[in-house]
Amino acid sequence: MLLDTASLYYRAYFGVPDSVRAPDGTPVNAVRGLLDFIARLVQDHRPDDLVACWDNDWRPQWRVDLIPSYKAHRVAEEIEGAPDAEETPDTLSPQVPVIVEVLAALGIARVGADGYEADDVIGTLTHLAKGPVDVVTGDRDLFQLVDDARERRILYPIKGVGTLQLTDEAWLRERYGVDGPGYVDLALLRGDPSDGLPGVPGIGEKTAAKLLDAYGDLAGIMAAVDDPAAKLTPSQRKRLDEARPYIAVAPKVVRVADDVPLPPFNPALPSAPHDPAALDALAERWGLGGSLQRLLSVLQK
């Protein structure tokens with residue numbers, strides 16, 4: 001099981017009241033919410049391995065070089081020689097280092113790679129895995145990893161993590177008319193304002209799905225643009241033709257990497273804390289209470 005960690009702690013932050021606080025009054029709603037999420041996921045799915053995948057760089061420069069608008073609206077501060085600072089709620093930022101410490105004390109693997117997003121770590125681990133993989137994320141971009149033959153599916157939270165949309169090829173085809181790899185083409189044609197991806201003007205999700213159904217993939221669609229006999233509308237042909245510079249680079253930006261160099265780590269789900277003394281100190285300092293106890297109880301089963 002691979003966790004898109006930031007996606008989950010953001011959901012925890014907005015889903016758990018900020019009245020959930022440490023003894024000194026510091027909000028710990030994201031920390032406790034994430035621990036509750038992990039406890040529920042382990043209880044319901046009993047994975048052999050669990051990896052908290054991490055954004056070492058939420059906006060990699062190599063993606064920005066290809067599409068400068070990529071996540072540009074989320075930049076809070078540009079930092080020379082380091083990843084830009086992302087706009088984050090004031091009471092969430094201080095909780096992220098606590099999450100790092102708690103995961104380490106628990107012995108839950110946290111894996112990131114410099115110059116890459118958590119999506120790329122997830123893509124690489126999914127590519128390397130020998131057995132079934134469940135990816136837990138609220139990010140639709142990762143639908144591209146769905147592959148029934150290799151038992152790759154996305155668990156997409158609808159309400160907390162107790163109600164998950166099990167995203168497999170049948171669901172993707174019913175909802176979007178594409179399979180996992182086809183989702184990349186759909187996403188780049190449609191665009192995604194939340195990621196600063198412009199898409200092709202005038203080509204929304206439904207039109208993109210129809211074009212992919214008619215011509216197979218992005219290459220097939222662009223071949224149709226060059227074929228006067230192809231049954232594209234004049235406006236579709238014009239818009240796709242004008243979007244060639246974007247279409248040439250967008251696949252590399254939208255597609256998650258599957259060859260990221262990763263540090264050594266132990267993915268095995270721990271049955272006991274890696275550092276009990278550190279965990280006790282963190283539990284007392286941050287008032288982790290029932291959330292931590294529930295997770296420890298589930299891990300020991």
# chains A, B, ... in the order shown; residues from 1 in each chain; ligands from 1
$ residues_around --residues "Arg175 in chain A" --least-positions-apart "4" --cutoff "12 Å" --atoms "only C-alpha atoms" --output "list of chain:residue names"
A:Phe143, A:Thr167, A:Asp168, A:Glu169, A:Ala170, A:Trp171, A:Asp179, A:Gly180, A:Tyr183, A:Leu186, A:Glu205, A:Lys206, A:Ala209
$ write_last_selection --atoms "N, CA, C and O atoms" --output "short mmCIF file (atom, residue, chain, number, x, y, z; two decimals), in the first residue's frame"
data_model
loop_
_atom_site.label_atom_id
_atom_site.label_comp_id
_atom_site.auth_asym_id
_atom_site.auth_seq_id
_atom_site.Cartn_x
_atom_site.Cartn_y
_atom_site.Cartn_z
N PHE A 143 -4.69 8.09 -11.42
CA PHE A 143 -5.53 7.10 -12.10
C PHE A 143 -4.77 6.45 -13.26
O PHE A 143 -5.10 5.36 -13.70
N THR A 167 -10.83 2.27 -7.67
CA THR A 167 -10.67 2.66 -9.06
C THR A 167 -9.88 1.60 -9.82
O THR A 167 -8.67 1.44 -9.60
N ASP A 168 -10.58 0.85 -10.67
CA ASP A 168 -9.94 -0.14 -11.53
C ASP A 168 -10.26 0.21 -12.98
O ASP A 168 -10.84 1.26 -13.26
N GLU A 169 -9.89 -0.67 -13.91
CA GLU A 169 -10.10 -0.34 -15.32
C GLU A 169 -11.58 -0.22 -15.67
O GLU A 169 -11.97 0.64 -16.47
N ALA A 170 -12.42 -1.06 -15.07
CA ALA A 170 -13.85 -1.00 -15.37
C ALA A 170 -14.42 0.35 -14.93
O ALA A 170 -15.20 0.98 -15.67
N TRP A 171 -14.01 0.83 -13.75
CA TRP A 171 -14.50 2.13 -13.28
C TRP A 171 -14.01 3.25 -14.20
O TRP A 171 -14.78 4.16 -14.55
N ASP A 179 -8.50 3.68 -20.33
CA ASP A 179 -7.82 2.85 -19.34
C ASP A 179 -6.78 3.71 -18.62
O ASP A 179 -6.74 4.94 -18.81
N GLY A 180 -5.93 3.08 -17.82
CA GLY A 180 -4.95 3.84 -17.05
C GLY A 180 -4.03 4.70 -17.92
O GLY A 180 -3.98 5.93 -17.75
N TYR A 183 -5.56 7.67 -19.48
CA TYR A 183 -5.91 8.79 -18.62
C TYR A 183 -4.92 9.94 -18.76
O TYR A 183 -5.29 11.11 -18.61
N LEU A 186 -6.08 11.93 -21.73
CA LEU A 186 -7.30 12.64 -21.37
C LEU A 186 -6.98 13.86 -20.49
O LEU A 186 -7.47 14.97 -20.73
N GLU A 205 -13.40 17.63 -21.03
CA GLU A 205 -13.28 16.20 -20.70
C GLU A 205 -14.08 15.31 -21.65
O GLU A 205 -13.57 14.30 -22.15
N LYS A 206 -15.32 15.70 -21.94
CA LYS A 206 -16.17 14.87 -22.80
C LYS A 206 -15.63 14.82 -24.23
O LYS A 206 -15.60 13.75 -24.86
N ALA A 209 -12.54 12.65 -24.34
CA ALA A 209 -12.88 11.23 -24.30
C ALA A 209 -13.39 10.74 -25.65
O ALA A 209 -13.03 9.64 -26.11
#
$ residues_around --residues "range 31-33 of chain A" --least-positions-apart "5" --cutoff "10 Å" --atoms "only C-alpha atoms" --output "MDAnalysis selection string"
chainID A and resid 8:17 20:21 38:39 92 95:100 102 160 286:292
$ select_by_dssp --residues "range 67-129 of chain A" --states "alpha helix (DSSP H)" --output "count of residues only"
23
$ closest_residue --among "A:Asn29, A:Thr5, A:Thr207, A:Thr163" --to "Val121 in chain A" --atoms "only C-alpha atoms"
A:Thr5
$ residues_around --residues "Leu145 in chain A" --least-positions-apart "4" --cutoff "9 Å" --atoms "only C-alpha atoms" --output "PDB file with all heavy atoms, in the first residue's frame"
ATOM      1  N   GLY A 123       4.806   6.196  -8.617  1.00  0.00           N
ATOM      2  CA  GLY A 123       4.937   5.592  -9.945  1.00  0.00           C
ATOM      3  C   GLY A 123       6.085   4.600 -10.012  1.00  0.00           C
ATOM      4  O   GLY A 123       5.968   3.517 -10.595  1.00  0.00           O
ATOM      5  N   THR A 126       5.314   1.486  -7.806  1.00  0.00           N
ATOM      6  CA  THR A 126       4.294   0.688  -8.497  1.00  0.00           C
ATOM      7  C   THR A 126       4.929  -0.098  -9.639  1.00  0.00           C
ATOM      8  O   THR A 126       4.615  -1.275  -9.853  1.00  0.00           O
ATOM      9  CB  THR A 126       3.179   1.609  -9.046  1.00  0.00           C
ATOM     10  OG1 THR A 126       2.579   2.302  -7.954  1.00  0.00           O
ATOM     11  CG2 THR A 126       2.106   0.830  -9.775  1.00  0.00           C
ATOM     12  N   HIS A 127       5.833   0.542 -10.354  1.00  0.00           N
ATOM     13  CA  HIS A 127       6.533  -0.104 -11.477  1.00  0.00           C
ATOM     14  C   HIS A 127       7.406  -1.263 -10.987  1.00  0.00           C
ATOM     15  O   HIS A 127       7.482  -2.314 -11.633  1.00  0.00           O
ATOM     16  CB  HIS A 127       7.394   0.941 -12.200  1.00  0.00           C
ATOM     17  CG  HIS A 127       8.197   0.408 -13.334  1.00  0.00           C
ATOM     18  ND1 HIS A 127       7.639  -0.028 -14.519  1.00  0.00           N
ATOM     19  CD2 HIS A 127       9.538   0.223 -13.467  1.00  0.00           C
ATOM     20  CE1 HIS A 127       8.595  -0.448 -15.337  1.00  0.00           C
ATOM     21  NE2 HIS A 127       9.748  -0.319 -14.718  1.00  0.00           N
ATOM     22  N   VAL A 135      -2.834   2.121  -4.208  1.00  0.00           N
ATOM     23  CA  VAL A 135      -2.380   3.497  -4.007  1.00  0.00           C
ATOM     24  C   VAL A 135      -3.532   4.272  -3.382  1.00  0.00           C
ATOM     25  O   VAL A 135      -4.640   4.296  -3.931  1.00  0.00           O
ATOM     26  CB  VAL A 135      -1.966   4.153  -5.341  1.00  0.00           C
ATOM     27  CG1 VAL A 135      -1.576   5.617  -5.114  1.00  0.00           C
ATOM     28  CG2 VAL A 135      -0.820   3.389  -5.993  1.00  0.00           C
ATOM     29  N   ASP A 141      -4.691  12.405 -10.818  1.00  0.00           N
ATOM     30  CA  ASP A 141      -3.570  12.183 -11.742  1.00  0.00           C
ATOM     31  C   ASP A 141      -3.067  10.743 -11.675  1.00  0.00           C
ATOM     32  O   ASP A 141      -2.581  10.197 -12.668  1.00  0.00           O
ATOM     33  CB  ASP A 141      -2.393  13.114 -11.412  1.00  0.00           C
ATOM     34  CG  ASP A 141      -2.705  14.575 -11.717  1.00  0.00           C
ATOM     35  OD1 ASP A 141      -3.671  14.825 -12.460  1.00  0.00           O
ATOM     36  OD2 ASP A 141      -1.995  15.447 -11.207  1.00  0.00           O
ATOM     37  N   ARG A 152      -2.924  -3.312 -10.117  1.00  0.00           N
ATOM     38  CA  ARG A 152      -2.662  -1.948  -9.638  1.00  0.00           C
ATOM     39  C   ARG A 152      -3.983  -1.203  -9.598  1.00  0.00           C
ATOM     40  O   ARG A 152      -4.656  -1.074 -10.618  1.00  0.00           O
ATOM     41  CB  ARG A 152      -1.734  -1.191 -10.599  1.00  0.00           C
ATOM     42  CG  ARG A 152      -0.232  -1.419 -10.474  1.00  0.00           C
ATOM     43  CD  ARG A 152       0.200  -2.808 -10.413  1.00  0.00           C
ATOM     44  NE  ARG A 152       1.651  -2.943 -10.422  1.00  0.00           N
ATOM     45  CZ  ARG A 152       2.291  -3.885  -9.783  1.00  0.00           C
ATOM     46  NH1 ARG A 152       1.609  -4.749  -9.043  1.00  0.00           N
ATOM     47  NH2 ARG A 152       3.600  -3.995  -9.862  1.00  0.00           N
ATOM     48  N   ARG A 153      -4.378  -0.728  -8.427  1.00  0.00           N
ATOM     49  CA  ARG A 153      -5.634  -0.001  -8.330  1.00  0.00           C
ATOM     50  C   ARG A 153      -5.446   1.220  -7.428  1.00  0.00           C
ATOM     51  O   ARG A 153      -4.511   1.278  -6.616  1.00  0.00           O
ATOM     52  CB  ARG A 153      -6.752  -0.898  -7.820  1.00  0.00           C
ATOM     53  CG  ARG A 153      -6.513  -1.482  -6.450  1.00  0.00           C
ATOM     54  CD  ARG A 153      -7.601  -2.448  -6.031  1.00  0.00           C
ATOM     55  NE  ARG A 153      -7.442  -2.817  -4.622  1.00  0.00           N
ATOM     56  CZ  ARG A 153      -8.321  -3.513  -3.927  1.00  0.00           C
ATOM     57  NH1 ARG A 153      -9.434  -3.931  -4.520  1.00  0.00           N
ATOM     58  NH2 ARG A 153      -8.116  -3.795  -2.653  1.00  0.00           N
ATOM     59  N   ILE A 154      -6.351   2.182  -7.583  1.00  0.00           N
ATOM     60  CA  ILE A 154      -6.323   3.399  -6.785  1.00  0.00           C
ATOM     61  C   ILE A 154      -7.484   3.357  -5.798  1.00  0.00           C
ATOM     62  O   ILE A 154      -8.622   3.063  -6.184  1.00  0.00           O
ATOM     63  CB  ILE A 154      -6.463   4.661  -7.677  1.00  0.00           C
ATOM     64  CG1 ILE A 154      -5.382   4.692  -8.766  1.00  0.00           C
ATOM     65  CG2 ILE A 154      -6.424   5.927  -6.824  1.00  0.00           C
ATOM     66  CD1 ILE A 154      -3.971   4.792  -8.289  1.00  0.00           C
ATOM     67  N   GLY A 180      -5.933   3.084 -17.816  1.00  0.00           N
ATOM     68  CA  GLY A 180      -4.948   3.843 -17.049  1.00  0.00           C
ATOM     69  C   GLY A 180      -4.031   4.701 -17.915  1.00  0.00           C
ATOM     70  O   GLY A 180      -3.980   5.930 -17.751  1.00  0.00           O
ATOM     71  N   PRO A 181      -3.293   4.102 -18.863  1.00  0.00           N
ATOM     72  CA  PRO A 181      -2.417   4.911 -19.718  1.00  0.00           C
ATOM     73  C   PRO A 181      -3.185   5.975 -20.506  1.00  0.00           C
ATOM     74  O   PRO A 181      -2.676   7.072 -20.739  1.00  0.00           O
ATOM     75  CB  PRO A 181      -1.795   3.867 -20.650  1.00  0.00           C
ATOM     76  CG  PRO A 181      -1.840   2.584 -19.880  1.00  0.00           C
ATOM     77  CD  PRO A 181      -3.108   2.661 -19.076  1.00  0.00           C
ATOM     78  N   TYR A 183      -5.556   7.667 -19.476  1.00  0.00           N
ATOM     79  CA  TYR A 183      -5.912   8.788 -18.616  1.00  0.00           C
ATOM     80  C   TYR A 183      -4.921   9.941 -18.758  1.00  0.00           C
ATOM     81  O   TYR A 183      -5.291  11.110 -18.611  1.00  0.00           O
ATOM     82  CB  TYR A 183      -6.013   8.341 -17.157  1.00  0.00           C
ATOM     83  CG  TYR A 183      -6.610   9.412 -16.278  1.00  0.00           C
ATOM     84  CD1 TYR A 183      -7.990   9.585 -16.220  1.00  0.00           C
ATOM     85  CD2 TYR A 183      -5.805  10.295 -15.563  1.00  0.00           C
ATOM     86  CE1 TYR A 183      -8.553  10.607 -15.459  1.00  0.00           C
ATOM     87  CE2 TYR A 183      -6.352  11.314 -14.803  1.00  0.00           C
ATOM     88  CZ  TYR A 183      -7.728  11.466 -14.757  1.00  0.00           C
ATOM     89  OH  TYR A 183      -8.269  12.486 -14.014  1.00  0.00           O
ATOM     90  N   VAL A 256       3.552  10.314 -14.593  1.00  0.00           N
ATOM     91  CA  VAL A 256       4.422  10.170 -13.432  1.00  0.00           C
ATOM     92  C   VAL A 256       5.664   9.381 -13.832  1.00  0.00           C
ATOM     93  O   VAL A 256       5.609   8.496 -14.685  1.00  0.00           O
ATOM     94  CB  VAL A 256       3.705   9.487 -12.242  1.00  0.00           C
ATOM     95  CG1 VAL A 256       2.495  10.298 -11.811  1.00  0.00           C
ATOM     96  CG2 VAL A 256       3.307   8.058 -12.552  1.00  0.00           C
TER      97      VAL A 256
END
$ residues_around --residues "Arg110 in chain A" --least-positions-apart "3" --cutoff "7 Å" --atoms "only C-alpha atoms" --output "list in words"
Val51, Ala52, Cys53 and Trp54 of chain A
